[in-house]
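Enquirer: What follows is a structure written as structure tokens; I'll ask about it next.
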There are 2 protein chains.
Amino acid sequence: MSSENKSRVLLFEEAVGLTKFELGGKGYGLVEMTRIGLPVPPGLNIPTYVCKEYYETGRLPDGLLDEVREKLKVIEERVGRIFGSPERPLLVSVRSGAPYSMPGMMDTILNLGLNDEIVKGLAKETGDERFAYDCYRRFIQMFGRIVMGVKDEKFDEIMEEHKKKLGVKHDVEIPAEELKKIIEEFKELIKKETGRDFPQNPWKQLEMAIEAVFKSWNNPRAIVYRKAYNIPDDLYTAVNIQMMVFGNMGYDSGTGVGFTRNPSTGEKKLYGEYLLNAQGEDVVAGIRTPKPIEELKNDLPQVYEELLRVSELLEKHFREMQDFEFTIQEGKLYLLQTRNGKRTAQAAVKIAVDMVNEGLITKEEAIARIDPNDLNQLLHPRIDPNVKAKPIARGLNASPGAATGKVVFTADEATELAAKGEKIILVRPETKPEDIHGIIAAQGILTSRGGMTSHAAVVARGMGKPAVVGAEMIKIDLEKEIFTVNGVQVKKYDVITIDGTTGNVYLGAIPTIEPELSEELKILLSWADEIRRLGVRANAETPQAARKAREFGAEGIGLARTERMFNAPDRLPIVYELIFAENEEERWRALNKLLPMFKSDFKEIFREMVGYPVTVRLLDLPLHEFLPRIEELVQRVTELRMIVKSKKKGYKKAMKELEEKEKILKKALQLAEHNPMIGHRGCRLGITYPEIYRVQTRAILEAALELKRDEKKEVHVEIMVPLVSEVNELKILRQIIEDEAEKVFREFGDRVELHIGTMIETPRAALTASEIARYADFFSYGTNDLTQTTFGFSRDDVEAKFMAQYLEKKILPYNPFEIIDEKGVGRLIKIGTREGKEANPKLVVGICGEHGGEPKSIKFFEEAGLDYVSCSPYRVPIARLAAAQARLKELTIKITV
Amino acid sequence: MSSENKSRVLLFEEAVGLTKFELGGKGYGLVEMTRIGLPVPPGLNIPTYVCKEYYETGRLPDGLLDEVREKLKVIEERVGRIFGSPERPLLVSVRSGAPYSMPGMMDTILNLGLNDEIVKGLAKETGDERFAYDCYRRFIQMFGRIVMGVKDEKFDEIMEEHKKKLGVKHDVEIPAEELKKIIEEFKELIKKETGRDFPQNPWKQLEMAIEAVFKSWNNPRAIVYRKAYNIPDDLYTAVNIQMMVFGNMGYDSGTGVGFTRNPSTGEKKLYGEYLLNAQGEDVVAGIRTPKPIEELKNDLPQVYEELLRVSELLEKHFREMQDFEFTIQEGKLYLLQTRNGKRTAQAAVKIAVDMVNEGLITKEEAIARIDPNDLNQLLHPRIDPNVKAKPIARGLNASPGAATGKVVFTADEATELAAKGEKIILVRPETKPEDIHGIIAAQGILTSRGGMTSHAAVVARGMGKPAVVGAEMIKIDLEKEIFTVNGVQVKKYDVITIDGTTGNVYLGAIPTIEPELSEELKILLSWADEIRRLGVRANAETPQAARKAREFGAEGIGLARTERMFNAPDRLPIVYELIFAENEEERWRALNKLLPMFKSDFKEIFREMVGYPVTVRLLDLPLHEFLPRIEELVQRVTELRMIVKSKKKGYKKAMKELEEKEKILKKALQLAEHNPMIGHRGCRLGITYPEIYRVQTRAILEAALELKRDEKKEVHVEIMVPLVSEVNELKILRQIIEDEAEKVFREFGDRVELHIGTMIETPRAALTASEIARYADFFSYGTNDLTQTTFGFSRDDVEAKFMAQYLEKKILPYNPFEIIDEKGVGRLIKIGTREGKEANPKLVVGICGEHGGEPKSIKFFEEAGLDYVSCSPYRVPIARLAAAQARLKELTIKITV
């Protein structure tokens, strides 16, 4: 259906059946609530396709205002009010509403329809002049800022001056007469700043506001937000024009937000906050700290009861935890918005599991509802409870997890320092949408104002970033860049720790402990395990990591690197012997010294993986990695040469050092490579120095056999050859490994299960998989290296020099080192998997690059027909869930096709 | 037909119809000559499949000797001689003969069938005791060396002792009685060295000789040779057992080799050499210098006449220039071998063209017959005829072309120094098959002995390597490693120049001039141009290269690199400005200084290519390539720092230099990359610094438009973006190039033809070709980089560290940087070409990597459906010919399928 055939303006009750993508999230919620009979102020929706039209033509569609006028007439008749009339004026809000929630990112105008005349009518009608003029001054400020582009501070300055003059502290203390003066000054301000008058014609106001909402889709902070959350740019926003109801008509009025369950813990209990005698913006902006919703039971018991009923109804209808906004006007409840509520990962898991138990949703739905990336939050470290650190302050525990970092006070500085690798805590009185880049950059957020639904809290929860908000006891001096609390002064760059789980704030870096899985998460993951087809293993090379991997449900080790076995400081002298060896015999001598150490390393890992496969990758790094950097050596050698030449004191000692350093430099230069990433490493080393692979093979198998013999513990040994690009490499090395293995088996008079396979990490390996598979029991995609070679991207250089620019300019939709590149790297994976399995039907195919723990990539690996993924232990739960989701999608596709 | 059903032993006349792969080259020639009635001594052939059987079972097949015996009986009856009989003994030669000629690589035994008794019978029969014992001692030495493994020198020592004792110089001067003593000593020597007796039983001799020939297939020098010429290891050798005829029965006897045309020039005239009273080995080994064949007209006029007739017959039958061996026994001519004659490339071209004109072969056959690689010889530089250098010596002009290098006297040292990049001339009294690695390593060969058919001459011609042989005036002292000639002493490592075209030898490096195409080659290439489908362009970045390219028939420039325009010494200061610029404005300032220089560069190139396409590649190298090496900077900075710290004399000057060097070092470190090959280069630079690409675009188009306006010269401008891996890179850069182009076009009020395309040199570019093609007018495969990324092989590192090993161990069949890797890189090329052309049917696809001039690769590019190849100017003729051959093969396949 092209947009010409669709209505451009719809009453809420006319819009039933349209999707969230047409109505926007807010519009959809309003339409649905209208449909099920909840008290929603009447209004109309201009769908997203009109916004699209606006961007395509560069102007509002002809006749749009006429359609608005027509529909508004229906409302006017229903409520007995007239838009633009001084008598019983109808005021409206004009709100944006995009398909995906972008809290605070886009613009909203309240109280639209007021002008110098109508305000008088409103005063007369309500009998509350102060209320009427307060509405008007708020409207002018909002309209002035959003529609006409005058800076907020300028309005604030005027307000502050008047309050100072009056000697009052709060806006509510300003009397009507003073508000009238302020309004005049506001209008002058607009004239001065923009050269245009504040429009007195309500229809003009409405037209300008609609256009401003459309424009807000492309304001810079909306763009930043979409980028941060991967929201497409071509969805556009709808506009909702809705009759105003007023929470600021006295203490039987109010405004608030509710959650049908606790968004932080997931507890099944109405949760929320409210302010009496206030408009919605007062709650969301976090300027006044609102009351917990339970207190409404005392303030307005009937309304509270109705909220409980509404909450129940909403969950039944949407089958999801809802986050809704409400206003109470003179004792009557109105619902202004509902949407699926943002929640912590912990809450998300609990809610999903609870809803299954309540019979609201199925296990599959529960699994489908959790964003696997959000589990990251639960897998974050938390403050060690055994540490007796005394907090310096306490705030609201707005987003769980502990974070440590240097204090900074502006979003810009947070971004700057984070780019240099610093860990940052962003400290602000409150955050605003324009601080979004600072929040993204920081490890955690601390604010002194605002509640659980303030901007900082909502955004931080969405990102799974620890946040403590509304810590009112701390006094922030933005000028001096310090904050003080209970006599303690914290300066910029001082290190603090925040605990978003408890709300505590500590001075310095506080020790944290490793996360454990909650009962609900265990249940959810057990459901995931029932569904998923992909195996999940871990990349682990220490016994600690292996243990953690098992705890998190890994079904073996998919990648045990062996470099650290060479790199340990106490082994470096022997490794130097190996590097400086002039022939095979000398290399054997060094390797035989390393053998018992390697064996003991392998035993430690194997003990943690009894009954499971352990895939050991043979040495991959080039030997020169173990030598000092050439620049350092050149510098020292040059210094020493000059000392020796000078014959000054100490030159004899220098001579000795020079000799040694020159030897190392010579070796380093000899081994140096122009492009080590694609140089003499991986199996190429194994071909040149087969004795290294022999000793590693021996250490692995002796370890396994001794464990079997002495401790009755068995693992499935898998030996993996890195960086193969040609079948003959694997053919030769397989023979060497098998030969050494047979020797060890003979010596022990016993065997263990042994599979030999290869990493697929060059394009050629994938392209010649049908040949390689004939000598491989398994393939494991090394997607890090495969991404490097497929793009011709040296990760070290690319991420430092131009990846940011590539993402900025949308040359790449995302960093292919984080999310698998399906078009290039993925195509190779599909080719390699299909042709490998055709050539060798027993071939097991996995992936052990970083993408193994990334949900979008896991979905791809499911489609590509891989057998397992392997990822860091901390991502194992994420991978289990993502694998189940990928399987569900596969099943859905199969069913629907 | 399995080998069990095939005869294991065949009389020559029985073997008609078997192929060269079964009979071996030598056997095939003998069988064919027998068939057309030429005088061939009777004999029999044991085909290659028997050798294969030998290697499979590890022993001679059961019953083989019985079959030989049976067939030999036929010959015995025909010639009235008996093998193993002292009366009218039949002596035989036992020769190897593989499918491809491997001159001197494998073993031959003459005079077999002699023992202590039979030699007496031979003496009696011939009435020439000296002749009989000379045959016997030769046989024992050959048999002792080849079959029993006694070193040749040991026999030579015995000979030398006796000659010394007798006071004679030549073998022929040794009388029969002395030969008898020598024979006894030879037999003792064998017993002493091997512990076994020289076998007196002729059948045992024959059996051992057959086995020795089989074994010779895998002797080390045969293996080296096969590797050098890419001859498969599984072809095996046949054995030819043939009645001996004797060229050493006095001065109406002799031996020689003939060519039906001159192998050096191609002239149609019987060509060859002979020695009277000699056996064949004397000619080939180059120990005595033989006479030109014309002199036979005087020595044995009838035989000469017969040779002319034979020559005519051979060419008619084989339709190819033949290289044949003959022996004259007491005035009767025997042909012992014929094969297609090795020839210089110049001769090959002339012969092919002449044969077409003579109606012997078709144009297509002429084209198919020339190995394009051999054209290299004709494209070699030669001594500048205007240089009045005086040669120090003159020898035979055995293989054309000029070569300059350091003198070395052993093959081992030649190999060693060549591996270090030295250019070497190998100087030997004569070369032997065991010197083959030295010949491969050297730039040219100089020998003091041997003729045009000596080992050195044949091998050098085969390789297209300059050689001067038989320069008898030079005296070589291998001990002292010097040679002297006319009072000049030349030591090891002195530089000499040899001219294989004239036979001159010069002291020092003599200037050479560029090659030009001969008339015959021009004709041949014009035929190639008629046949080929692939276009041929050149990689050229200087006007000189462009001119040479046109001269050699290039149809445009497929790759004009622009790095040298930045690298010229006088421009480096401006390029430094560019590198050190802090912002775009400063970069523009530097670039605007470079603009007129670039423009003048492009004009110079364009002038050479009027009417043709010129593909200019925008800057590809990373900026740090233009800075000094970091190690050097660190060293200098460290030195300067210490000088400054010491406050010694000159420290103020050092301070100034230090400041400057530190600035450069800082920049160098900032720009340094871990893996620059896959770092911030190519189009990634263009994305970061679009102004560089803008200025290059402007320079190209202003140059083209000014030439059009001022000189009425037009080229087809093609601008090529390097290292694309994602379509958006090209999309953005295409826009920038088009934008700049339109500006220039507007300024000139005129346009030139402009195509914009991209290199395909990362796997991802090939895999996403369907997307990229939508923004590209052309693709050009950069197969060097594509090979690097597909294998994950950094060429600089791989070739230095392990490629030799990989070829040695047959992990790779050849160096993929020289011959295209069809399985990996080739598969990507096929994908990219097919999908690119599907997405954009107008897409033109070429290749500009080094493989563009390599015949085997060109064959692949033809199959893959590319439109053109581009290669270095000197390889353009090779590419034209190879492209025609590839097309012929394509046509043949299409016809036969």
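Ordering of the structure tokens sets the chain letters (A, B, ...), residue numbers begin anew at 1 in every chain, and ligands are numbered from 1 in the order given.
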For a quick test of understanding: name the residues of chain B lying within 7 Å of chain A when counting only C-alpha atoms, and present them as a PyMOL selection string.
Expert: chain B and resi 631+634-635+638-639+673-680+725+728-729+762-764+767-768+789-794+796-798+801+811+823-824
Enquirer: If we count only C-alpha atoms, what is near segment 49-61 of chain B at a cut-off of 12 Å, once residues fewer than 5 positions away on the same chain are taken out, given as a ChimeraX atom specification?
Expert: /B:1-10,18-24,66-68,96-99,207-218,233-239
Enquirer: Name all residues at most 9 Å from Leu360 of chain B (count only C-alpha atoms; drop same-chain ones fewer than 4 positions away) and give them as a PDB file with all heavy atoms, in the first residue's frame.
Expert:
```pdb
ATOM      1  N   GLU B 315      62.681 -33.846 -40.980  1.00  0.00           N
ATOM      2  CA  GLU B 315      61.791 -32.682 -40.841  1.00  0.00           C
ATOM      3  C   GLU B 315      60.433 -32.948 -41.453  1.00  0.00           C
ATOM      4  O   GLU B 315      59.414 -32.538 -40.902  1.00  0.00           O
ATOM      5  CB  GLU B 315      62.415 -31.438 -41.480  1.00  0.00           C
ATOM      6  CG  GLU B 315      63.355 -30.731 -40.534  1.00  0.00           C
ATOM      7  CD  GLU B 315      63.379 -29.230 -40.780  1.00  0.00           C
ATOM      8  OE1 GLU B 315      62.814 -28.771 -41.786  1.00  0.00           O
ATOM      9  OE2 GLU B 315      63.977 -28.517 -39.940  1.00  0.00           O
ATOM     10  N   LYS B 316      60.452 -33.627 -42.594  1.00  0.00           N
ATOM     11  CA  LYS B 316      59.187 -33.922 -43.240  1.00  0.00           C
ATOM     12  C   LYS B 316      58.342 -34.817 -42.331  1.00  0.00           C
ATOM     13  O   LYS B 316      57.126 -34.637 -42.206  1.00  0.00           O
ATOM     14  CB  LYS B 316      59.424 -34.581 -44.597  1.00  0.00           C
ATOM     15  CG  LYS B 316      58.594 -33.911 -45.671  1.00  0.00           C
ATOM     16  CD  LYS B 316      58.945 -34.385 -47.057  1.00  0.00           C
ATOM     17  CE  LYS B 316      59.039 -33.203 -48.011  1.00  0.00           C
ATOM     18  NZ  LYS B 316      59.991 -33.454 -49.099  1.00  0.00           N
ATOM     19  N   ARG B 319      57.800 -32.842 -38.805  1.00  0.00           N
ATOM     20  CA  ARG B 319      57.296 -31.475 -38.954  1.00  0.00           C
ATOM     21  C   ARG B 319      57.842 -30.559 -37.862  1.00  0.00           C
ATOM     22  O   ARG B 319      57.172 -29.684 -37.373  1.00  0.00           O
ATOM     23  CB  ARG B 319      55.755 -31.454 -38.970  1.00  0.00           C
ATOM     24  CG  ARG B 319      55.213 -32.295 -40.139  1.00  0.00           C
ATOM     25  CD  ARG B 319      53.730 -32.562 -40.045  1.00  0.00           C
ATOM     26  NE  ARG B 319      52.936 -31.377 -40.243  1.00  0.00           N
ATOM     27  CZ  ARG B 319      52.123 -30.857 -39.332  1.00  0.00           C
ATOM     28  NH1 ARG B 319      52.015 -31.433 -38.157  1.00  0.00           N
ATOM     29  NH2 ARG B 319      51.445 -29.782 -39.589  1.00  0.00           N
ATOM     30  N   GLU B 320      59.083 -30.812 -37.533  1.00  0.00           N
ATOM     31  CA  GLU B 320      59.737 -30.017 -36.480  1.00  0.00           C
ATOM     32  C   GLU B 320      61.235 -30.087 -36.704  1.00  0.00           C
ATOM     33  O   GLU B 320      61.729 -31.071 -37.273  1.00  0.00           O
ATOM     34  CB  GLU B 320      59.412 -30.625 -35.099  1.00  0.00           C
ATOM     35  CG  GLU B 320      58.618 -29.725 -34.170  1.00  0.00           C
ATOM     36  CD  GLU B 320      59.310 -28.440 -33.780  1.00  0.00           C
ATOM     37  OE1 GLU B 320      60.186 -27.944 -34.520  1.00  0.00           O
ATOM     38  OE2 GLU B 320      58.961 -27.923 -32.715  1.00  0.00           O
ATOM     39  N   ASP B 354      59.165 -19.644 -40.546  1.00  0.00           N
ATOM     40  CA  ASP B 354      59.635 -20.221 -41.811  1.00  0.00           C
ATOM     41  C   ASP B 354      58.805 -21.442 -42.186  1.00  0.00           C
ATOM     42  O   ASP B 354      58.434 -21.630 -43.341  1.00  0.00           O
ATOM     43  CB  ASP B 354      61.108 -20.630 -41.708  1.00  0.00           C
ATOM     44  CG  ASP B 354      62.035 -19.412 -41.758  1.00  0.00           C
ATOM     45  OD1 ASP B 354      61.533 -18.288 -42.023  1.00  0.00           O
ATOM     46  OD2 ASP B 354      63.246 -19.583 -41.513  1.00  0.00           O
ATOM     47  N   MET B 355      58.536 -22.295 -41.186  1.00  0.00           N
ATOM     48  CA  MET B 355      57.810 -23.534 -41.486  1.00  0.00           C
ATOM     49  C   MET B 355      56.386 -23.244 -41.959  1.00  0.00           C
ATOM     50  O   MET B 355      55.850 -23.982 -42.776  1.00  0.00           O
ATOM     51  CB  MET B 355      57.802 -24.467 -40.280  1.00  0.00           C
ATOM     52  CG  MET B 355      59.129 -25.218 -40.102  1.00  0.00           C
ATOM     53  SD  MET B 355      59.021 -26.453 -38.787  1.00  0.00           S
ATOM     54  CE  MET B 355      60.557 -27.371 -39.057  1.00  0.00           C
ATOM     55  N   VAL B 356      55.802 -22.173 -41.432  1.00  0.00           N
ATOM     56  CA  VAL B 356      54.492 -21.772 -41.939  1.00  0.00           C
ATOM     57  C   VAL B 356      54.645 -21.370 -43.404  1.00  0.00           C
ATOM     58  O   VAL B 356      53.882 -21.810 -44.276  1.00  0.00           O
ATOM     59  CB  VAL B 356      53.904 -20.602 -41.113  1.00  0.00           C
ATOM     60  CG1 VAL B 356      52.636 -20.061 -41.792  1.00  0.00           C
ATOM     61  CG2 VAL B 356      53.597 -21.057 -39.698  1.00  0.00           C
TER      62      VAL B 356
END
```
Enquirer: Give me the residues within 10 Å of segment 412-429 of chain A as a ChimeraX atom specification, counting only C-alpha atoms and dropping any in the same chain fewer than 2 places off.
Expert: /A:286-287,403-410,431-432,435-450,456,466-472,474-478,481-483,492-498
Enquirer: Give me, as an mmCIF file with all heavy atoms, in the first residue's frame, all polymer residues having an atom no more than 9 Å from Arg550 of chain B, counting only C-alpha atoms and skipping those fewer than 3 positions away in the same chain.
Expert:
```
data_model
loop_
_atom_site.group_PDB
_atom_site.id
_atom_site.type_symbol
_atom_site.label_atom_id
_atom_site.label_comp_id
_atom_site.auth_asym_id
_atom_site.auth_seq_id
_atom_site.Cartn_x
_atom_site.Cartn_y
_atom_site.Cartn_z
ATOM 1 N N ARG B 537 47.627 -5.250 -22.015
ATOM 2 C CA ARG B 537 48.106 -3.910 -21.677
ATOM 3 C C ARG B 537 49.389 -4.024 -20.870
ATOM 4 O O ARG B 537 49.818 -5.121 -20.541
ATOM 5 C CB ARG B 537 47.068 -3.171 -20.822
ATOM 6 C CG ARG B 537 45.734 -2.979 -21.521
ATOM 7 C CD ARG B 537 44.870 -2.059 -20.700
ATOM 8 N NE ARG B 537 43.499 -2.056 -21.138
ATOM 9 C CZ ARG B 537 42.538 -1.397 -20.501
ATOM 10 N NH1 ARG B 537 42.814 -0.702 -19.393
ATOM 11 N NH2 ARG B 537 41.302 -1.416 -20.950
ATOM 12 N N ALA B 538 49.971 -2.873 -20.546
ATOM 13 C CA ALA B 538 51.225 -2.912 -19.797
ATOM 14 C C ALA B 538 51.094 -2.168 -18.476
ATOM 15 O O ALA B 538 50.293 -1.251 -18.341
ATOM 16 C CB ALA B 538 52.347 -2.289 -20.623
ATOM 17 N N ALA B 545 58.833 3.583 -20.085
ATOM 18 C CA ALA B 545 58.177 2.281 -20.016
ATOM 19 C C ALA B 545 56.958 2.255 -20.928
ATOM 20 O O ALA B 545 56.682 1.259 -21.596
ATOM 21 C CB ALA B 545 57.781 1.977 -18.578
ATOM 22 N N ALA B 546 56.226 3.370 -20.965
ATOM 23 C CA ALA B 546 55.046 3.427 -21.802
ATOM 24 C C ALA B 546 55.431 3.272 -23.271
ATOM 25 O O ALA B 546 54.780 2.556 -24.031
ATOM 26 C CB ALA B 546 54.312 4.744 -21.580
ATOM 27 N N ARG B 547 56.533 3.926 -23.657
ATOM 28 C CA ARG B 547 56.982 3.843 -25.046
ATOM 29 C C ARG B 547 57.366 2.407 -25.386
ATOM 30 O O ARG B 547 56.966 1.866 -26.423
ATOM 31 C CB ARG B 547 58.188 4.782 -25.250
ATOM 32 C CG ARG B 547 58.463 5.160 -26.690
ATOM 33 C CD ARG B 547 59.534 6.232 -26.779
ATOM 34 N NE ARG B 547 59.241 7.340 -25.862
ATOM 35 C CZ ARG B 547 60.129 7.897 -25.038
ATOM 36 N NH1 ARG B 547 61.382 7.447 -25.004
ATOM 37 N NH2 ARG B 547 59.781 8.883 -24.240
ATOM 38 N N GLY B 553 53.733 -3.745 -28.383
ATOM 39 C CA GLY B 553 52.371 -4.096 -28.773
ATOM 40 C C GLY B 553 51.315 -3.982 -27.698
ATOM 41 O O GLY B 553 50.212 -4.501 -27.859
ATOM 42 N N ALA B 554 51.622 -3.315 -26.603
ATOM 43 C CA ALA B 554 50.605 -3.155 -25.557
ATOM 44 C C ALA B 554 49.475 -2.274 -26.059
ATOM 45 O O ALA B 554 49.710 -1.301 -26.771
ATOM 46 C CB ALA B 554 51.223 -2.539 -24.306
ATOM 47 N N GLU B 555 48.263 -2.639 -25.676
ATOM 48 C CA GLU B 555 47.090 -1.890 -26.123
ATOM 49 C C GLU B 555 46.607 -0.962 -25.021
ATOM 50 O O GLU B 555 45.432 -0.945 -24.681
ATOM 51 C CB GLU B 555 45.988 -2.879 -26.507
ATOM 52 C CG GLU B 555 46.416 -3.813 -27.622
ATOM 53 C CD GLU B 555 45.684 -5.148 -27.598
ATOM 54 O OE1 GLU B 555 45.411 -5.669 -26.502
ATOM 55 O OE2 GLU B 555 45.397 -5.659 -28.680
ATOM 56 N N GLY B 556 47.549 -0.246 -24.449
ATOM 57 C CA GLY B 556 47.194 0.674 -23.373
ATOM 58 C C GLY B 556 47.958 0.340 -22.106
ATOM 59 O O GLY B 556 48.756 -0.603 -22.074
ATOM 60 N N GLU B 608 52.454 9.129 -24.792
ATOM 61 C CA GLU B 608 52.899 7.862 -25.376
ATOM 62 C C GLU B 608 51.732 6.939 -25.691
ATOM 63 O O GLU B 608 51.905 5.897 -26.305
ATOM 64 C CB GLU B 608 53.852 7.122 -24.412
ATOM 65 C CG GLU B 608 55.069 7.910 -23.987
ATOM 66 C CD GLU B 608 56.004 8.195 -25.159
ATOM 67 O OE1 GLU B 608 55.964 7.420 -26.149
ATOM 68 O OE2 GLU B 608 56.755 9.195 -25.092
ATOM 69 N N MET B 609 50.545 7.263 -25.213
ATOM 70 C CA MET B 609 49.428 6.316 -25.283
ATOM 71 C C MET B 609 48.222 6.911 -25.990
ATOM 72 O O MET B 609 47.087 6.551 -25.682
ATOM 73 C CB MET B 609 49.037 5.903 -23.857
ATOM 74 C CG MET B 609 49.962 4.881 -23.241
ATOM 75 S SD MET B 609 49.742 3.248 -24.006
ATOM 76 C CE MET B 609 51.350 2.509 -23.648
ATOM 77 N N PRO B 873 56.179 -4.089 -19.426
ATOM 78 C CA PRO B 873 56.363 -3.936 -20.877
ATOM 79 C C PRO B 873 57.161 -5.091 -21.483
ATOM 80 O O PRO B 873 56.848 -5.549 -22.566
ATOM 81 C CB PRO B 873 57.117 -2.612 -21.002
ATOM 82 C CG PRO B 873 56.719 -1.833 -19.795
ATOM 83 C CD PRO B 873 56.532 -2.853 -18.704
#
```
Enquirer: Using only C-alpha atoms, which residues sit within 7 Å of segment 248-265 of chain B once same-chain residues fewer than 5 positions away are excluded, as a PyMOL selection string?
Expert: chain B and resi 131+270-280+283+311+321-331+341-344+346-347
Enquirer: Might you pull out every residue within 8 Å of segment 617-624 of chain B, with only C-alpha atoms counted and same-chain residues fewer than 3 positions away left off, and present them as an MDAnalysis selection string?
Expert: chainID B and resid 559:563 579 627 668 671:672 676 679:683 685:686 692:693 696 719:723
Enquirer: Just write the chosen residues, C-alpha atoms, as a tab-separated table (two decimals), in the first residue's frame.
Expert:
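Writing done, so here's out_36.tsv:
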```tsv
chain	number	residue	atom	x	y	z
B	559	LEU	CA	48.37	-0.05	-14.31
B	560	ALA	CA	50.13	3.29	-13.89
B	561	ARG	CA	51.22	3.48	-10.26
B	562	THR	CA	51.54	6.97	-8.83
B	563	GLU	CA	53.88	6.38	-5.90
B	579	ILE	CA	52.73	14.10	6.03
B	627	LEU	CA	59.65	8.44	5.95
B	668	ALA	CA	57.04	7.84	12.13
B	671	LEU	CA	52.13	6.36	11.57
B	672	ALA	CA	53.90	3.03	12.14
B	676	PRO	CA	51.39	-2.23	6.90
B	679	GLY	CA	46.91	-1.48	7.20
B	680	HIS	CA	46.06	2.11	6.45
B	681	ARG	CA	46.74	2.15	2.73
B	682	GLY	CA	44.95	2.05	-0.58
B	683	CYS	CA	41.45	3.45	-0.66
B	685	LEU	CA	43.93	6.56	2.68
B	686	GLY	CA	41.55	8.03	0.16
B	692	ILE	CA	44.89	13.49	-1.97
B	693	TYR	CA	42.60	11.64	-4.37
B	696	GLN	CA	45.39	13.25	-8.22
B	719	ILE	CA	40.99	6.08	-12.66
B	720	MET	CA	41.48	3.09	-10.43
B	721	VAL	CA	40.83	2.91	-6.70
B	722	PRO	CA	43.10	0.46	-4.86
B	723	LEU	CA	42.43	-2.08	-2.09
```
Enquirer: Could you find all residues in segment 141-296 of chain B that DSSP calls strand (DSSP E or B) from the backbone, and write them as a list in words?
Expert: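 DSSP-assigned strand (DSSP E or B) residues in segment 141-296 of chain B: Ala238, Val239, Asn240, Ile241, Gln242, Met243, Gly254, Thr255, Gly256, Val257, Gly258, Phe259, Tyr271, Gly272, Glu273, Tyr274, Leu275, Leu276, Lys291 and Pro292 of chain B.
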Enquirer: Report, in Å with one decimal, the straight-line distance from atom CA of Arg887 of chain B to atom CA of Asn840 of chain B.
Expert: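 Distance reported for this atom pair: 24.4 Å.
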Enquirer: Distance atom CA of Gly401 of chain B-atom CA of Leu375 of chain B, one decimal place?
Expert: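 Interatomic distance, atom CA of Gly401 of chain B to atom CA of Leu375 of chain B: 11.7 Å.
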Enquirer: Where does DSSP see alpha helix (DSSP H) in segment 797-873 of chain A, if you list the residues as a PyMOL selection string?
Expert: chain A and resi 797-801+803-808+827-839+855-864
